[in-house]
Amino acid sequence: MMPLTSLRLIASSLLLASLSLQALAKPEHAVTLYNEAPKYPANFKHFDYVNPDAPKGGTFRQNGFGGFDSLNPFINKGVPAENIDMVYDTLARASLDEPFTEYGLIAKQIEKAPDNSWVRFYLRPEARFQDGHPVRAEDVVFTFNTLIKSGAPLYRGYYADIAEVVAEDPLRVLFKFKHNNNRELPLILGQLPVLPKHWWESRDFTRGNLEIPLGSGPYRVTEVKPGRSVRLERDKNYWGKDLPINRGFYNFDVMTVDYYRDNTVALEAMKAGQFDYWFETSAKNWATAYNTPAVREGRLIREEIPNGTPVGMQGFIFNLRHAVFQDVRVRQALSLLLDFEWTNKQLFNGAYTRTGSYFENSDMAAKGLPSEAELKLLEPLRGKIPEQVFSTAFANPVTDGSGMIREQQRQAYKLLQEAGYRIQDDKMVDASGKPLKIEFLLAQTEFERILLPYKRNLADLGIELSIRRVDVAEYINRLRSRDYDMIVSGYPQSNSPGNEQREFWQSSSADNPGSRNFIGLKDPAIDSLVEGLINADSRQSLIDHTRALDRVLLWGFYVVPNWHIKTWRVAYWNHIGHPQTPPKYDIGINTWWVKPDVAPAVPASTPDQAPAPGEGQ
């Protein structure tokens with residue numbers, strides 16, 4: 001038995017350690033991933049990327065694609081309206097010129113446990129919902145519990161490491177963690193939108209409908225035309241309008257979104273002055289569709305804004321839930337048949353670069369062979385991950401751009417033969433004689449022209465690719481039910497990847513209809529790499545983990561990598577202005593404004609005159 005004096009010494013040491021930890025924990029105005037100092041001090045006046053004296057007023061007209069049937073973006077039912085997030089404030093908000101820093105919004109201060117076992121938010125007493133009701137700790141607890149219980153499945157994965165949320169008093173909320181090795185949790189919780197408990201208690205949160213919601217954010221929804229348009233107006237009584245974090249933001253008095261079922265029609269409408277801003281995703285359009293007097297005269301401005309964020313991976317995604325794609329040789333063969341060089345030259349005017357990483361445009365992308373640090377993560381998985389991870393640097397196939405890809409087709413045919421396929425009556429068939437047929441599910445009309453050359457390349461090997469285009473509602477429903485062979489989609493990345501990676505790759509998310517595990521990955525080796533990434537305890541450790549994960553994903557041939565560009569291409573009418581210095585990691589559209597001395601090309605309609613652009617298109 002241990003002597004009593006020793007027990008007393010141990011108890012005293014534990015008490016001192018506890019007091020030391022409490023002394024180290026203190027409320028701060030900002031939270032960072034690795035406890036580094038934030039860029040902006042507690043007494044900062046505004047962010048560097050805003051115009052603090054931007055004029056307020058005017059209408060900002062945007063377009064939406066397809067339609068919408070819900071004003072509840074937090075559930076897995078319906079298609080939510082664009083800009084609905086402007087109705088809600090969050091506990092904190094990320095700076096757009098720092099990779100992983102958040103500043104208090106509803107929360108005036110944030111306190112992290114020194115051992116990362118909890119985080120506490122101190123709410124601003126002046127925070128109000130749009131009906132004047134104060135925002136209190138019980139609203140935060142209600143929001144968290146409601147999203148876990150009734151929200152989209154992604155929330156259960158995103159908040160999986162939260163053990164408990166406690167309202168310590170009306171202005172203090174404590175989140176306790178299940179373990180202390182997930183450094184991103186305080187930032188994740190800072191992104192929590194706060195819902196009004198008193199409003200939602202009498203409503204069914206699980207129903208997707210068009211009832212105008214109550215929030216605490218800078219805008220209110222004031223008019224809804226189902227599936228056609230939505231109008232938001234700046235709340236003149238917005239409680240947070242004078243906060244330094246909001247100075248230079250939210251300058252439009254009105255924001256409208258008109259929906260189009262065809263992006264080609266929408267672009268023509270924008271060039272005719274029917275709305276004010278266009279985010280261009282088509283290299284062909286960027287090169288050829290803006291030869292108009294308005295552009296030549298400087299009334300319609302085309303601009304490329306530098307993009308400092310990782311561009312992630314866009315690709316043709318295989319659904320591994322279908323037996324045909326479970327053989328990696330089949331997936332690799334199909335990847336070989338995309339002729340990027342010809343596509344880039346003939347369809348994109350040479351504007352794009354082939355994407356070679358799931359963390360493209362960042363220091364987290366895998367290059368060359370694994371480093372010593374990466375090998376420490378990968379060696380325990382040898383035999384469970386592709387052997388090429390250890391021996392070969394991943395590279396996409398490269399063609400001469402002529403449109404003739406005989407070498408790639410030979411390689412693909414060999415892989416398919418190894419997988420048990422053969423040519424019979426000019427069709428690629430499996431061992432039982434079943435033809436290799438693939439349906440590509442698509443919502444965007446303009447993407448068909450990109451798929452047609454790929455379809456021809458597959459047809460040359462006897463593979464039938466059918467392009468199935470559906471409307472947005474059906475597309476989303478089929479996506480959620482995993483009813484597709486292939487789709488085109490992406491995996492966006494930030495400078496601080498973390499818990500969202502579970503929703504992309506982990507086994508636990510494969511059967512969640514709201515997750516982005518479109519591939520249907522259920523691989524214990526990938527699961528362990530994702531957990532290691534989330535629990536990284538330094539920036540270098542995070543880089544090593546992302547590179548290791550990147551290699552395994554690339555050599556799994558789960559997608560046919562597409563392409564990227566390192567700028568945002570935007571077009572906007574000259575009555576719209578934006579700060580001289582854009583944020584590094586975002587376009588920063590909420591910092592733009594209407595110039596009071598420049599008239600719009602086409603005056604904005606009043607609510608009862610608003611057009612219905614979705615009709616007949």
# chains A, B, ... in the order shown; residues from 1 in each chain; ligands from 1
$ residues_around --residues "Asp204 in chain A" --least-positions-apart "2" --cutoff "12 Å" --atoms "only C-alpha atoms" --output "number ranges by chain"
A: 72, 75, 146, 150-151, 199-202, 206-209, 211
$ residues_around --residues "range 343-347 of chain A" --least-positions-apart "3" --cutoff "9 Å" --atoms "only C-alpha atoms" --output "number ranges by chain"
A: 283-284, 338-340, 350-354, 401, 403, 449-450, 453, 563
$ write_last_selection --atoms "N, CA and C atoms" --output "short mmCIF file (atom, residue, chain, number, x, y, z; two decimals), in the first residue's frame"
data_model
loop_
_atom_site.label_atom_id
_atom_site.label_comp_id
_atom_site.auth_asym_id
_atom_site.auth_seq_id
_atom_site.Cartn_x
_atom_site.Cartn_y
_atom_site.Cartn_z
N ALA A 283 -13.94 27.36 -69.90
CA ALA A 283 -12.81 28.00 -70.58
C ALA A 283 -13.22 28.47 -71.98
N LYS A 284 -14.07 27.70 -72.63
CA LYS A 284 -14.52 28.10 -73.97
C LYS A 284 -15.29 29.42 -73.90
N LEU A 338 -9.31 9.05 -71.03
CA LEU A 338 -9.56 10.49 -71.11
C LEU A 338 -8.35 11.16 -71.75
N ASP A 339 -8.56 11.78 -72.89
CA ASP A 339 -7.47 12.46 -73.60
C ASP A 339 -7.50 13.94 -73.19
N PHE A 340 -6.84 14.24 -72.08
CA PHE A 340 -6.89 15.61 -71.56
C PHE A 340 -6.23 16.59 -72.52
N GLY A 350 -6.71 25.71 -74.23
CA GLY A 350 -5.45 25.56 -73.50
C GLY A 350 -5.43 26.22 -72.13
N ALA A 351 -6.60 26.45 -71.55
CA ALA A 351 -6.68 27.24 -70.31
C ALA A 351 -6.37 26.44 -69.05
N TYR A 352 -6.43 25.10 -69.13
CA TYR A 352 -6.40 24.33 -67.89
C TYR A 352 -5.11 23.53 -67.72
N THR A 353 -4.90 23.11 -66.47
CA THR A 353 -3.82 22.21 -66.10
C THR A 353 -4.47 20.93 -65.56
N ARG A 354 -3.91 19.79 -65.91
CA ARG A 354 -4.46 18.53 -65.42
C ARG A 354 -4.24 18.43 -63.90
N GLY A 401 -1.96 15.10 -77.94
CA GLY A 401 -2.98 16.09 -78.27
C GLY A 401 -3.56 15.94 -79.66
N GLY A 403 -5.52 13.55 -80.68
CA GLY A 403 -6.78 12.83 -80.67
C GLY A 403 -6.62 11.34 -80.88
N ARG A 449 -20.67 18.20 -74.04
CA ARG A 449 -19.67 18.30 -75.11
C ARG A 449 -18.30 17.81 -74.64
N ILE A 450 -18.05 17.88 -73.32
CA ILE A 450 -16.79 17.40 -72.78
C ILE A 450 -16.79 15.88 -72.68
N PRO A 453 -16.22 13.30 -76.42
CA PRO A 453 -14.95 12.70 -76.87
C PRO A 453 -14.53 11.51 -76.00
N TRP A 563 -9.34 18.73 -64.33
CA TRP A 563 -8.44 19.85 -64.61
C TRP A 563 -8.75 21.00 -63.67
#
$ residues_around --residues "Leu452 in chain A" --least-positions-apart "5" --cutoff "10 Å" --atoms "only C-alpha atoms" --output "mmCIF file with N, CA and C atoms, in the first residue's frame"
data_model
loop_
_atom_site.group_PDB
_atom_site.id
_atom_site.type_symbol
_atom_site.label_atom_id
_atom_site.label_comp_id
_atom_site.auth_asym_id
_atom_site.auth_seq_id
_atom_site.Cartn_x
_atom_site.Cartn_y
_atom_site.Cartn_z
ATOM 1 N N PHE A 447 -21.835 20.285 -70.033
ATOM 2 C CA PHE A 447 -20.783 19.303 -69.826
ATOM 3 C C PHE A 447 -20.857 18.153 -70.828
ATOM 4 N N ASN A 457 -13.847 7.561 -77.157
ATOM 5 C CA ASN A 457 -12.659 6.786 -76.815
ATOM 6 C C ASN A 457 -13.037 5.453 -76.168
ATOM 7 N N LEU A 458 -14.084 5.470 -75.339
ATOM 8 C CA LEU A 458 -14.554 4.216 -74.737
ATOM 9 C C LEU A 458 -15.174 3.306 -75.796
ATOM 10 N N LEU A 465 -20.852 4.022 -73.184
ATOM 11 C CA LEU A 465 -21.092 5.064 -72.179
ATOM 12 C C LEU A 465 -22.331 5.839 -72.593
ATOM 13 N N SER A 466 -23.382 5.771 -71.788
ATOM 14 C CA SER A 466 -24.578 6.558 -72.059
ATOM 15 C C SER A 466 -24.604 7.751 -71.118
ATOM 16 N N ILE A 467 -24.940 8.913 -71.672
ATOM 17 C CA ILE A 467 -24.992 10.146 -70.887
ATOM 18 C C ILE A 467 -26.453 10.405 -70.530
#
$ closest_residue --among "A:Asn499, A:Asn291, A:Asn349, A:Ser541" --to "Glu374 in chain A" --atoms "only C-alpha atoms"
A:Ser541
$ residues_around --residues "range 472-476 of chain A" --least-positions-apart "6" --cutoff "12 Å" --atoms "only C-alpha atoms" --output "ChimeraX atom specification"
/A:64-70,76-80,227,259-262,440-445,482-484,487-488,513-514,516,518
$ write_last_selection --atoms "C-alpha atoms" --output "mmCIF file, in the first residue's frame"
data_model
loop_
_atom_site.group_PDB
_atom_site.id
_atom_site.type_symbol
_atom_site.label_atom_id
_atom_site.label_comp_id
_atom_site.auth_asym_id
_atom_site.auth_seq_id
_atom_site.Cartn_x
_atom_site.Cartn_y
_atom_site.Cartn_z
ATOM 1 C CA GLY A 64 -29.097 30.252 -59.651
ATOM 2 C CA PHE A 65 -29.140 26.943 -61.524
ATOM 3 C CA GLY A 66 -32.134 24.629 -61.741
ATOM 4 C CA GLY A 67 -34.455 25.599 -58.935
ATOM 5 C CA PHE A 68 -35.122 25.234 -55.219
ATOM 6 C CA ASP A 69 -37.885 23.939 -52.986
ATOM 7 C CA SER A 70 -36.597 24.528 -49.463
ATOM 8 C CA ASN A 76 -31.224 16.177 -46.293
ATOM 9 C CA LYS A 77 -34.544 16.963 -47.969
ATOM 10 C CA GLY A 78 -35.195 19.309 -50.841
ATOM 11 C CA VAL A 79 -32.952 21.740 -52.694
ATOM 12 C CA PRO A 80 -32.147 24.816 -50.565
ATOM 13 C CA GLY A 227 -38.255 27.427 -57.831
ATOM 14 C CA TYR A 259 -33.054 30.687 -61.372
ATOM 15 C CA TYR A 260 -32.285 29.364 -64.860
ATOM 16 C CA ARG A 261 -32.516 25.789 -66.025
ATOM 17 C CA ASP A 262 -29.841 26.294 -68.679
ATOM 18 C CA PHE A 440 -22.950 8.844 -66.679
ATOM 19 C CA LEU A 441 -25.415 10.911 -64.607
ATOM 20 C CA LEU A 442 -25.322 14.630 -65.417
ATOM 21 C CA ALA A 443 -27.244 17.799 -64.589
ATOM 22 C CA GLN A 444 -25.263 20.378 -66.596
ATOM 23 C CA THR A 445 -26.102 20.633 -70.294
ATOM 24 C CA ARG A 482 -26.404 6.563 -54.773
ATOM 25 C CA ASP A 483 -28.250 5.671 -57.974
ATOM 26 C CA TYR A 484 -25.503 6.283 -60.545
ATOM 27 C CA ILE A 487 -20.812 11.423 -62.043
ATOM 28 C CA VAL A 488 -18.663 14.496 -62.358
ATOM 29 C CA PRO A 513 -27.063 9.725 -48.138
ATOM 30 C CA GLY A 514 -25.918 13.253 -47.293
ATOM 31 C CA ARG A 516 -19.742 13.359 -50.090
ATOM 32 C CA PHE A 518 -19.726 9.522 -53.638
#
$ select_by_dssp --residues "range 10-101 of chain A" --states "strand (DSSP E)" --output "PDB file with C-alpha atoms, in the first residue's frame"
ATOM      1  CA  ALA A  30      -9.690  34.541 -32.050  1.00  0.00           C
ATOM      2  CA  VAL A  31      -8.838  30.864 -32.297  1.00  0.00           C
ATOM      3  CA  THR A  32      -6.118  29.270 -34.434  1.00  0.00           C
ATOM      4  CA  THR A  59     -29.450  45.682 -55.431  1.00  0.00           C
ATOM      5  CA  PHE A  60     -27.092  42.844 -56.284  1.00  0.00           C
ATOM      6  CA  ARG A  61     -28.660  40.448 -58.792  1.00  0.00           C
ATOM      7  CA  GLN A  62     -27.344  36.906 -59.138  1.00  0.00           C
ATOM      8  CA  ASN A  63     -28.398  33.728 -60.918  1.00  0.00           C
ATOM      9  CA  GLY A  64     -29.097  30.252 -59.651  1.00  0.00           C
ATOM     10  CA  PHE A  65     -29.140  26.943 -61.524  1.00  0.00           C
ATOM     11  CA  ALA A  92     -17.152  32.689 -35.139  1.00  0.00           C
ATOM     12  CA  ARG A  93     -16.089  33.454 -38.700  1.00  0.00           C
ATOM     13  CA  ALA A  94     -12.952  32.599 -40.621  1.00  0.00           C
ATOM     14  CA  THR A 101      -7.982  31.441 -38.029  1.00  0.00           C
TER      15      THR A 101
END
$ residues_around --residues "Leu189 in chain A" --least-positions-apart "4" --cutoff "12 Å" --atoms "only C-alpha atoms" --output "number ranges by chain"
A: 31, 90-94, 102, 104, 107, 110, 112, 118-121, 140-141, 143-144, 155, 158-162, 165, 173-177, 183-185, 193-194, 499
$ residues_around --residues "Met270 in chain A" --least-positions-apart "3" --cutoff "10 Å" --atoms "only C-alpha atoms" --output "ChimeraX atom specification"
/A:61-63,265-267,273-278,300,571-573
$ closest_atom_pairs --of "range 122-198 of chain A" --to "range 241-245 of chain A" --cutoff "12 Å" --atoms "only C-alpha atoms" --output "JSON lines"
{"residue": "A:Arg124", "atom": "CA", "partner": "A:Leu243", "partner_atom": "CA", "distance": 11.0}
{"residue": "A:Glu126", "atom": "CA", "partner": "A:Leu243", "partner_atom": "CA", "distance": 11.1}
{"residue": "A:Ala127", "atom": "CA", "partner": "A:Lys241", "partner_atom": "CA", "distance": 10.7}
{"residue": "A:Arg128", "atom": "CA", "partner": "A:Lys241", "partner_atom": "CA", "distance": 11.6}
$ decode --residues "range 467-517 of chain A" --atoms "C-alpha atoms" --output "PDB file, in the first residue's frame"
ATOM      1  CA  ILE A 467     -24.992  10.146 -70.887  1.00  0.00           C
ATOM      2  CA  ARG A 468     -28.109  10.553 -68.779  1.00  0.00           C
ATOM      3  CA  ARG A 469     -29.022  14.207 -68.195  1.00  0.00           C
ATOM      4  CA  VAL A 470     -31.680  14.962 -65.585  1.00  0.00           C
ATOM      5  CA  ASP A 471     -32.987  18.074 -63.833  1.00  0.00           C
ATOM      6  CA  VAL A 472     -31.417  19.286 -60.601  1.00  0.00           C
ATOM      7  CA  ALA A 473     -34.062  17.826 -58.282  1.00  0.00           C
ATOM      8  CA  GLU A 474     -33.781  14.332 -59.792  1.00  0.00           C
ATOM      9  CA  TYR A 475     -29.996  14.609 -59.867  1.00  0.00           C
ATOM     10  CA  ILE A 476     -29.819  15.413 -56.152  1.00  0.00           C
ATOM     11  CA  ASN A 477     -32.273  12.627 -55.298  1.00  0.00           C
ATOM     12  CA  ARG A 478     -30.281  10.077 -57.297  1.00  0.00           C
ATOM     13  CA  LEU A 479     -27.060  11.367 -55.752  1.00  0.00           C
ATOM     14  CA  ARG A 480     -28.465  10.877 -52.260  1.00  0.00           C
ATOM     15  CA  SER A 481     -29.758   7.401 -53.074  1.00  0.00           C
ATOM     16  CA  ARG A 482     -26.404   6.563 -54.773  1.00  0.00           C
ATOM     17  CA  ASP A 483     -28.250   5.671 -57.974  1.00  0.00           C
ATOM     18  CA  TYR A 484     -25.503   6.283 -60.545  1.00  0.00           C
ATOM     19  CA  ASP A 485     -22.547   4.617 -62.222  1.00  0.00           C
ATOM     20  CA  MET A 486     -20.416   7.721 -62.769  1.00  0.00           C
ATOM     21  CA  ILE A 487     -20.812  11.423 -62.043  1.00  0.00           C
ATOM     22  CA  VAL A 488     -18.663  14.496 -62.358  1.00  0.00           C
ATOM     23  CA  SER A 489     -18.080  16.167 -59.023  1.00  0.00           C
ATOM     24  CA  GLY A 490     -15.340  17.437 -56.787  1.00  0.00           C
ATOM     25  CA  TYR A 491     -13.732  17.328 -53.386  1.00  0.00           C
ATOM     26  CA  PRO A 492     -13.036  20.909 -52.332  1.00  0.00           C
ATOM     27  CA  GLN A 493     -10.162  21.402 -49.918  1.00  0.00           C
ATOM     28  CA  SER A 494      -9.065  24.142 -47.551  1.00  0.00           C
ATOM     29  CA  ASN A 495      -5.649  25.060 -46.226  1.00  0.00           C
ATOM     30  CA  SER A 496      -6.617  23.198 -43.081  1.00  0.00           C
ATOM     31  CA  PRO A 497      -8.234  19.864 -44.028  1.00  0.00           C
ATOM     32  CA  GLY A 498      -9.749  18.023 -41.090  1.00  0.00           C
ATOM     33  CA  ASN A 499     -13.035  16.485 -40.007  1.00  0.00           C
ATOM     34  CA  GLU A 500     -14.696  16.948 -43.405  1.00  0.00           C
ATOM     35  CA  GLN A 501     -12.317  14.278 -44.749  1.00  0.00           C
ATOM     36  CA  ARG A 502     -14.444  11.703 -42.921  1.00  0.00           C
ATOM     37  CA  GLU A 503     -17.357  12.725 -45.111  1.00  0.00           C
ATOM     38  CA  PHE A 504     -15.238  12.290 -48.232  1.00  0.00           C
ATOM     39  CA  TRP A 505     -13.465   8.996 -47.664  1.00  0.00           C
ATOM     40  CA  GLN A 506     -14.312   7.098 -44.488  1.00  0.00           C
ATOM     41  CA  SER A 507     -16.273   3.845 -44.272  1.00  0.00           C
ATOM     42  CA  SER A 508     -18.639   5.429 -41.744  1.00  0.00           C
ATOM     43  CA  SER A 509     -19.876   7.924 -44.357  1.00  0.00           C
ATOM     44  CA  ALA A 510     -20.286   5.533 -47.295  1.00  0.00           C
ATOM     45  CA  ASP A 511     -23.913   4.720 -46.515  1.00  0.00           C
ATOM     46  CA  ASN A 512     -24.907   8.219 -45.363  1.00  0.00           C
ATOM     47  CA  PRO A 513     -27.063   9.725 -48.138  1.00  0.00           C
ATOM     48  CA  GLY A 514     -25.918  13.253 -47.293  1.00  0.00           C
ATOM     49  CA  SER A 515     -22.182  12.599 -47.288  1.00  0.00           C
ATOM     50  CA  ARG A 516     -19.742  13.359 -50.090  1.00  0.00           C
ATOM     51  CA  ASN A 517     -18.462   9.788 -50.078  1.00  0.00           C
TER      52      ASN A 517
END
